[in-house]
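One structure is given here, and the rest of the page talks about it.
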Amino acid sequence: KPYSRARPAVTSTHGDADSRADASASVGAEDSAAAAFSTRTVGVLLAVFAGSTAGVNAVPYDIWVANEMQPGETPLHFLFSTAVGIYGTSTLIFLLNGVVAAILKKQPEDAPPPLASVIRGAYLSGFMWAVGEVGQLIAIQNLGMAEGYVFCAIGPVMLSAVISAVVFKEIKGKQNTAAFCLALGLQAAGVILLILGS
C-alpha cells in the first residue's frame, strides 16, 4: 500500500514537469514571435522613412537650378555643400558613437574599436557616391527633375538588384524569383513610359 500511494505522486510530478515545459516553450515561442514582429515593424518604418527622405533629396538642387543658379556655375557648386554636409554629419555620428561607448564603458565585444578597413571602405563608398551624384545632378539639370531623378534613382536599384540575384544568388525559390522579375518588369515599364512621355 505505501508503494501504491507513492506511485501516483511520482506520475503526477512528471505530468506537472511536462506541463511546465510545454508552458515555457509556448511562452518562449510567443516572445520570439513578438520580437520578430517588432523587428519587422521597425524595419518597415525605417525603410519608409529612408525612402521618403531619399525621394526629396534632389528637390533643393532643382530649386537652386531654377532660381539661384548663376551663369558659369555648374552642379559641382551645389555638390560641394551637399558632400561636406554629409561628411560632417557622418563624422559627428561616428564620434558620438565612440563617446557614448566610452562613457557607458561598454565591453570590447559591445563596442569594438573601428577597423581601418571599415573606415577605408566608408570613405571609398562615399567617394563613389559623390561621383554618381555628379552624374545625377548633371542629368537633372539637362533632363529636368521628372526624368533625370527617376532615371538616376531606378537605374542603380535595378543594377544592384540584378547583381544580388545573379552574382550573389540572394533570390531563391520560384515564388521569390517571380516576384523579383515582376518588380524589375514594372520598373522597366515605368522608365519606358517616362521616356515615351518625354
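Chain labels run A, B, ... following the order of the C-alpha cells; each chain numbers its residues from 1, and ligands are numbered from 1 in the order shown.
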
message = Need the shell around range 147-162 of chain A: protein/DNA/RNA residues with any atom at most 10 Å away, counting only C-alpha atoms. Skip same-chain ones fewer than 2 positions apart. Format as a VMD selection string?
response = chain A and resid 54 to 59 62 132 to 133 135 to 145 164 to 171 180 to 181 183 to 185 187 to 188 190 to 191 194 to 195 197 to 198

task = Based on DSSP run over this structure's backbone, return all residues of range 28-158 of chain A in helix (DSSP H, G or I), as number ranges by chain.
result = A: 28-55, 59-68, 75-104, 116-143, 145-158

inquiry  = Restricting the calculation to only C-alpha atoms: of A:Ala36, A:Val118, A:Leu76, A:Ala146, which residue gets closest to Ala130 in chain A?
reply    =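 Going through A:Ala36, A:Val118, A:Leu76, A:Ala146 one by one, the smallest distance to Ala130 in chain A is for A:Leu76.
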
request  = Excluding range 86-88 of chain A and residues on its chain fewer than 4 positions from it, collect all residues at most 12 Å away from it, counting only C-alpha atoms, and give them as a ChimeraX atom specification.
outcome  = /A:57,79-82,92-95,122-123,125-127,129-130

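Between CA of Asn97 in chain A and CA of Gly121 in chain A lies a distance of 18.1 Å.
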
inquiry  = Report, in Å to a single decimal, how far apart CA of Arg40 in chain A and CA of Gln175 in chain A are.
reply    =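 Pair CA of Gln175 in chain A / CA of Arg40 in chain A returns 20.5 Å.
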